[in-house]
Amino acid sequence: TLMTGVTALSFALSLRQADVVLAIIATAGGLGTPFLLLETPSSILWLVVYTSLIAACAIAIFFEKGWRSLLLVTVIGGWSVMTYAWSEIVSIGFVPLADRTIYQLGVVFCLAAFGFAPSLREFLSRRAPDRWVTPTVRGAFTGTPFAKPAVLLAVAAPLISLALSHQIWDLSGPTWGAIEVIAATGYWAIHLFSKAAGDEDAASSHGVAAGLVLAVSWFHLFESDSARLLALAAEATAIHVATYVTPNRAIRALGHSLFSVIAAWMAVRLLEGGGDPSLVSGRSLTHIGVLLLALGSSVAVRSSAMASAYRVVVALLLGAAWFSFFGDGSNRFLAVSLQAAALILWTQYHADAAVRTTGHALFGVALLAIEWR
C-alpha cells in the first residue's frame, strides 16, 4: 500500500512538473514491487490488477506527454513482471482455471497497452501534432527504432502474448493454429484499416505482425515438416504478390526473411537426407513445390538484384536436390550438367550475370565430381 501511494504521488508530480525522470522512477518502482515483496504470488488477481494499474497510469502519461523512454521502461517492466509472475505461479503447482483466466486477461491488457496504444498515440500525433506533441529525438537515437518505438512494439506484443498464452493453456496444436490464424486475420484487418487511414507505419507493423503470427501457426496446424515448409513458402510467395500490387518495404522484407529461412531449412534437409529420396516421393515433391514458389516469387520481386538472388538460390538448391533424387548413381551428374546448360542458355535471352556464373559453377562441380569418381 505504501509503495502504491508513493508511485501514485510520483506520477502526479511528473505530470505537474513535466518531468520524465520522475515518471520513469515511479514506473520502475511500481513494477519492481512484485520482485521485491513477493516470493510466490498468493493472489493472481492482486498481481494482475496491480501491474495493469501501474502500466495503465504510465501509458496514460505517455499518451499525454509522448515520452518514449517512459514507454520503453513500462513495456519492458510490464512484460518482465508478467513473465516472472507466471514462473512463480507455476512453481506452486496446479493452477486453477479461474487463476489462469485472470492471468490471461492480464496478458490481453498488456497486448492492448503495449501493442496497440503506442500505435494509436503516433496516429493521433500525426493527425493533431499540436495537441499530441511528440518530443524530438536527438543525438545517437536519431533514425533508430527508439524514434518510432510503436512500430517495433506492435510486432513484438502479439508474439510475446502468444508465448505467454501457450504457457497458460494446454491446448492441441491444431487449436493453437486456428487461434493464431484468427489473430493473424485480425492483424491483417488492422493493417488494411491503417493503410486506408494513411498511417503507413501502423500498416507496416501490423502487416508484419500478421505475417509472423501466421508463420507460427503453420507449426501448430501441421505435424509434418514438409507441410510446414510448403506452407511457409506459399505464405512468402503470397507476401511478394501482395507487395507487388501494393508496395510495402517492411512486409516485403518479411517475405525475403521467410524465404531465407526456407532456403536454409531446405538445404539442411537435402544435406541430411532421410525419407524416400525418389523423385515422386512426398518429400521430393515438397522440395520441387518450394522451388517453384521461390522461382515464381522472383517474378514478383521488384528489385532486379533480389530477383537474381532468388534465381541463384533456386538453381543451387535444385543442383543439390539432384543428388537427393538420384542417390549415388551417375544420373545426378547428368542432371546437374543439363541444369547448368539450361541456365546458361536462359541467360542468352535474359541478361543475368549471376545466373550465368551459377551455371558455369554447376558445370564445374559436375566435371570435378565425375573426375573424382
# chains A, B, ... in the order shown; residues from 1 in each chain; ligands from 1
call {"tool": "residues_around", "arguments": {"residues": "range 60-68 of chain A", "least_positions_apart": "2", "cutoff": "10 Å", "atoms": "only C-alpha atoms", "output": "ChimeraX atom specification"}}
result
/A:11-12,14-15,18-20,23-24,54-58,70-74,113,117-118,120-122,124-125,131-137,146-150
call {"tool": "closest_residue", "arguments": {"among": "A:Gly289, A:Gly186, A:Gly207, A:Gly5", "to": "Ala227 in chain A", "atoms": "only C-alpha atoms"}}
result
A:Gly289
call {"tool": "select_by_dssp", "arguments": {"residues": "range 57-203 of chain A", "states": "alpha helix (DSSP H)", "output": "ChimeraX atom specification"}}
result
/A:57-65,68-92,97-111,117-127,149-168,173-196,200-203
call {"tool": "closest_atom_pairs", "arguments": {"of": "range 212-313 of chain A", "to": "range 354-368 of chain A", "cutoff": "8 Å", "atoms": "only C-alpha atoms", "output": "CSV"}}
result
residue,atom,partner,partner_atom,distance
A:Ser308,CA,A:Ala354,CA,6.7
A:Ala309,CA,A:Ala354,CA,7.7
A:Arg311,CA,A:Val355,CA,6.8
A:Val312,CA,A:Val355,CA,5.6
call {"tool": "write_last_selection", "arguments": {"atoms": "all heavy atoms", "output": "PDB file, in the first residue's frame"}}
result
ATOM      1  N   SER A 308      17.439 -11.778 -59.091  1.00  0.00           N
ATOM      2  CA  SER A 308      18.579 -12.601 -59.493  1.00  0.00           C
ATOM      3  C   SER A 308      19.044 -13.487 -58.353  1.00  0.00           C
ATOM      4  O   SER A 308      19.387 -14.663 -58.548  1.00  0.00           O
ATOM      5  CB  SER A 308      19.722 -11.697 -59.962  1.00  0.00           C
ATOM      6  OG  SER A 308      20.838 -12.458 -60.335  1.00  0.00           O
ATOM      7  N   ALA A 309      19.046 -12.940 -57.129  1.00  0.00           N
ATOM      8  CA  ALA A 309      19.453 -13.726 -55.959  1.00  0.00           C
ATOM      9  C   ALA A 309      18.515 -14.917 -55.755  1.00  0.00           C
ATOM     10  O   ALA A 309      18.955 -16.026 -55.431  1.00  0.00           O
ATOM     11  CB  ALA A 309      19.470 -12.838 -54.719  1.00  0.00           C
ATOM     12  N   ARG A 311      16.827 -16.483 -58.095  1.00  0.00           N
ATOM     13  CA  ARG A 311      17.101 -17.480 -59.133  1.00  0.00           C
ATOM     14  C   ARG A 311      18.363 -18.273 -58.812  1.00  0.00           C
ATOM     15  O   ARG A 311      18.411 -19.494 -59.030  1.00  0.00           O
ATOM     16  CB  ARG A 311      17.241 -16.792 -60.495  1.00  0.00           C
ATOM     17  CG  ARG A 311      15.975 -16.083 -60.964  1.00  0.00           C
ATOM     18  CD  ARG A 311      16.149 -15.517 -62.360  1.00  0.00           C
ATOM     19  NE  ARG A 311      15.119 -14.539 -62.671  1.00  0.00           N
ATOM     20  CZ  ARG A 311      15.311 -13.237 -62.754  1.00  0.00           C
ATOM     21  NH1 ARG A 311      16.539 -12.741 -62.609  1.00  0.00           N
ATOM     22  NH2 ARG A 311      14.317 -12.417 -63.032  1.00  0.00           N
ATOM     23  N   VAL A 312      19.379 -17.593 -58.307  1.00  0.00           N
ATOM     24  CA  VAL A 312      20.628 -18.277 -57.964  1.00  0.00           C
ATOM     25  C   VAL A 312      20.397 -19.291 -56.851  1.00  0.00           C
ATOM     26  O   VAL A 312      20.867 -20.440 -56.918  1.00  0.00           O
ATOM     27  CB  VAL A 312      21.696 -17.249 -57.552  1.00  0.00           C
ATOM     28  CG1 VAL A 312      22.904 -17.955 -56.930  1.00  0.00           C
ATOM     29  CG2 VAL A 312      22.147 -16.434 -58.759  1.00  0.00           C
TER      30      VAL A 312
END
call {"tool": "closest_residue", "arguments": {"among": "A:Ile76, A:Leu153, A:Ser260, A:Leu164", "to": "Val108 in chain A", "atoms": "only C-alpha atoms"}}
result
A:Leu164
call {"tool": "residues_around", "arguments": {"residues": "Thr83 in chain A", "least_positions_apart": "4", "cutoff": "10 Å", "atoms": "only C-alpha atoms", "output": "list in words"}}
result
Gly77, Gly78, Trp79, Ser87, Glu88, Ile89, Val107, Ile160, Ala163, Leu164 and Gln167 of chain A
call {"tool": "atom_distance", "arguments": {"atom1": "CA of Val314 in chain A", "atom2": "CA of Thr243 in chain A"}}
result
20.9 Å
call {"tool": "residues_around", "arguments": {"residues": "range 195-203 of chain A", "least_positions_apart": "6", "cutoff": "7 Å", "atoms": "only C-alpha atoms", "output": "VMD selection string"}}
result
chain A and resid 119 123 151
call {"tool": "write_last_selection", "arguments": {"atoms": "C-alpha atoms", "output": "short mmCIF file (atom, residue, chain, number, x, y, z; two decimals), in the first residue's frame"}}
result
data_model
loop_
_atom_site.label_atom_id
_atom_site.label_comp_id
_atom_site.auth_asym_id
_atom_site.auth_seq_id
_atom_site.Cartn_x
_atom_site.Cartn_y
_atom_site.Cartn_z
CA SER A 119 0.44 2.96 -32.48
CA PHE A 123 -1.51 8.09 -35.32
CA VAL A 151 6.48 0.07 -34.92
#
call {"tool": "closest_residue", "arguments": {"among": "A:His166, A:Arg332, A:Arg252, A:His350", "to": "Ser205 in chain A", "atoms": "only C-alpha atoms"}}
result
A:Arg252
call {"tool": "residues_around", "arguments": {"residues": "range 230-238 of chain A", "least_positions_apart": "5", "cutoff": "9 Å", "atoms": "only C-alpha atoms", "output": "JSON, numbers by chain"}}
result
{"A": [211, 214, 215, 218, 225, 243, 252, 254, 255, 256, 257, 258, 259, 262, 286, 287, 289, 290, 291, 293, 294, 296, 297, 300]}
call {"tool": "write_last_selection", "arguments": {"atoms": "C-alpha atoms", "output": "PDB file, in the first residue's frame"}}
result
ATOM      1  CA  GLY A 211       2.725 -12.450 -41.285  1.00  0.00           C
ATOM      2  CA  LEU A 214       0.573 -16.740 -39.497  1.00  0.00           C
ATOM      3  CA  ALA A 215       4.055 -18.237 -39.949  1.00  0.00           C
ATOM      4  CA  TRP A 218       1.846 -23.461 -39.625  1.00  0.00           C
ATOM      5  CA  ASP A 225       7.905 -30.706 -41.654  1.00  0.00           C
ATOM      6  CA  THR A 243       3.619  -6.220 -52.028  1.00  0.00           C
ATOM      7  CA  ARG A 252       8.358  -7.292 -48.430  1.00  0.00           C
ATOM      8  CA  LEU A 254       9.351 -10.231 -44.120  1.00  0.00           C
ATOM      9  CA  GLY A 255       8.815 -12.184 -47.338  1.00  0.00           C
ATOM     10  CA  HIS A 256      12.561 -12.157 -48.007  1.00  0.00           C
ATOM     11  CA  SER A 257      13.243 -13.254 -44.423  1.00  0.00           C
ATOM     12  CA  LEU A 258      10.816 -16.152 -44.688  1.00  0.00           C
ATOM     13  CA  PHE A 259      12.411 -17.339 -47.919  1.00  0.00           C
ATOM     14  CA  ILE A 262      13.036 -21.696 -46.064  1.00  0.00           C
ATOM     15  CA  THR A 286       7.621 -30.708 -51.428  1.00  0.00           C
ATOM     16  CA  HIS A 287      11.104 -29.540 -52.427  1.00  0.00           C
ATOM     17  CA  GLY A 289       6.950 -27.128 -54.906  1.00  0.00           C
ATOM     18  CA  VAL A 290       9.070 -24.849 -52.713  1.00  0.00           C
ATOM     19  CA  LEU A 291      11.500 -24.188 -55.558  1.00  0.00           C
ATOM     20  CA  LEU A 293       7.151 -20.959 -55.443  1.00  0.00           C
ATOM     21  CA  ALA A 294      10.526 -19.288 -54.929  1.00  0.00           C
ATOM     22  CA  GLY A 296       7.575 -17.544 -59.061  1.00  0.00           C
ATOM     23  CA  SER A 297       8.361 -15.037 -56.313  1.00  0.00           C
ATOM     24  CA  ALA A 300       7.024 -10.551 -58.276  1.00  0.00           C
TER      25      ALA A 300
END
call {"tool": "residues_around", "arguments": {"residues": "Ala307 in chain A", "least_positions_apart": "5", "cutoff": "7 Å", "atoms": "only C-alpha atoms", "output": "count of residues only"}}
result
3
call {"tool": "closest_residue", "arguments": {"among": "A:Leu270, A:Phe325, A:Val241, A:Ser337", "to": "Arg302 in chain A", "atoms": "only C-alpha atoms"}}
result
A:Val241
call {"tool": "closest_residue", "arguments": {"among": "A:Val313, A:Val21, A:Arg16, A:Ala8", "to": "Tyr50 in chain A", "atoms": "only C-alpha atoms"}}
result
A:Ala8
call {"tool": "atom_distance", "arguments": {"atom1": "CA of Ser324 in chain A", "atom2": "CA of Leu271 in chain A"}}
result
8.4 Å
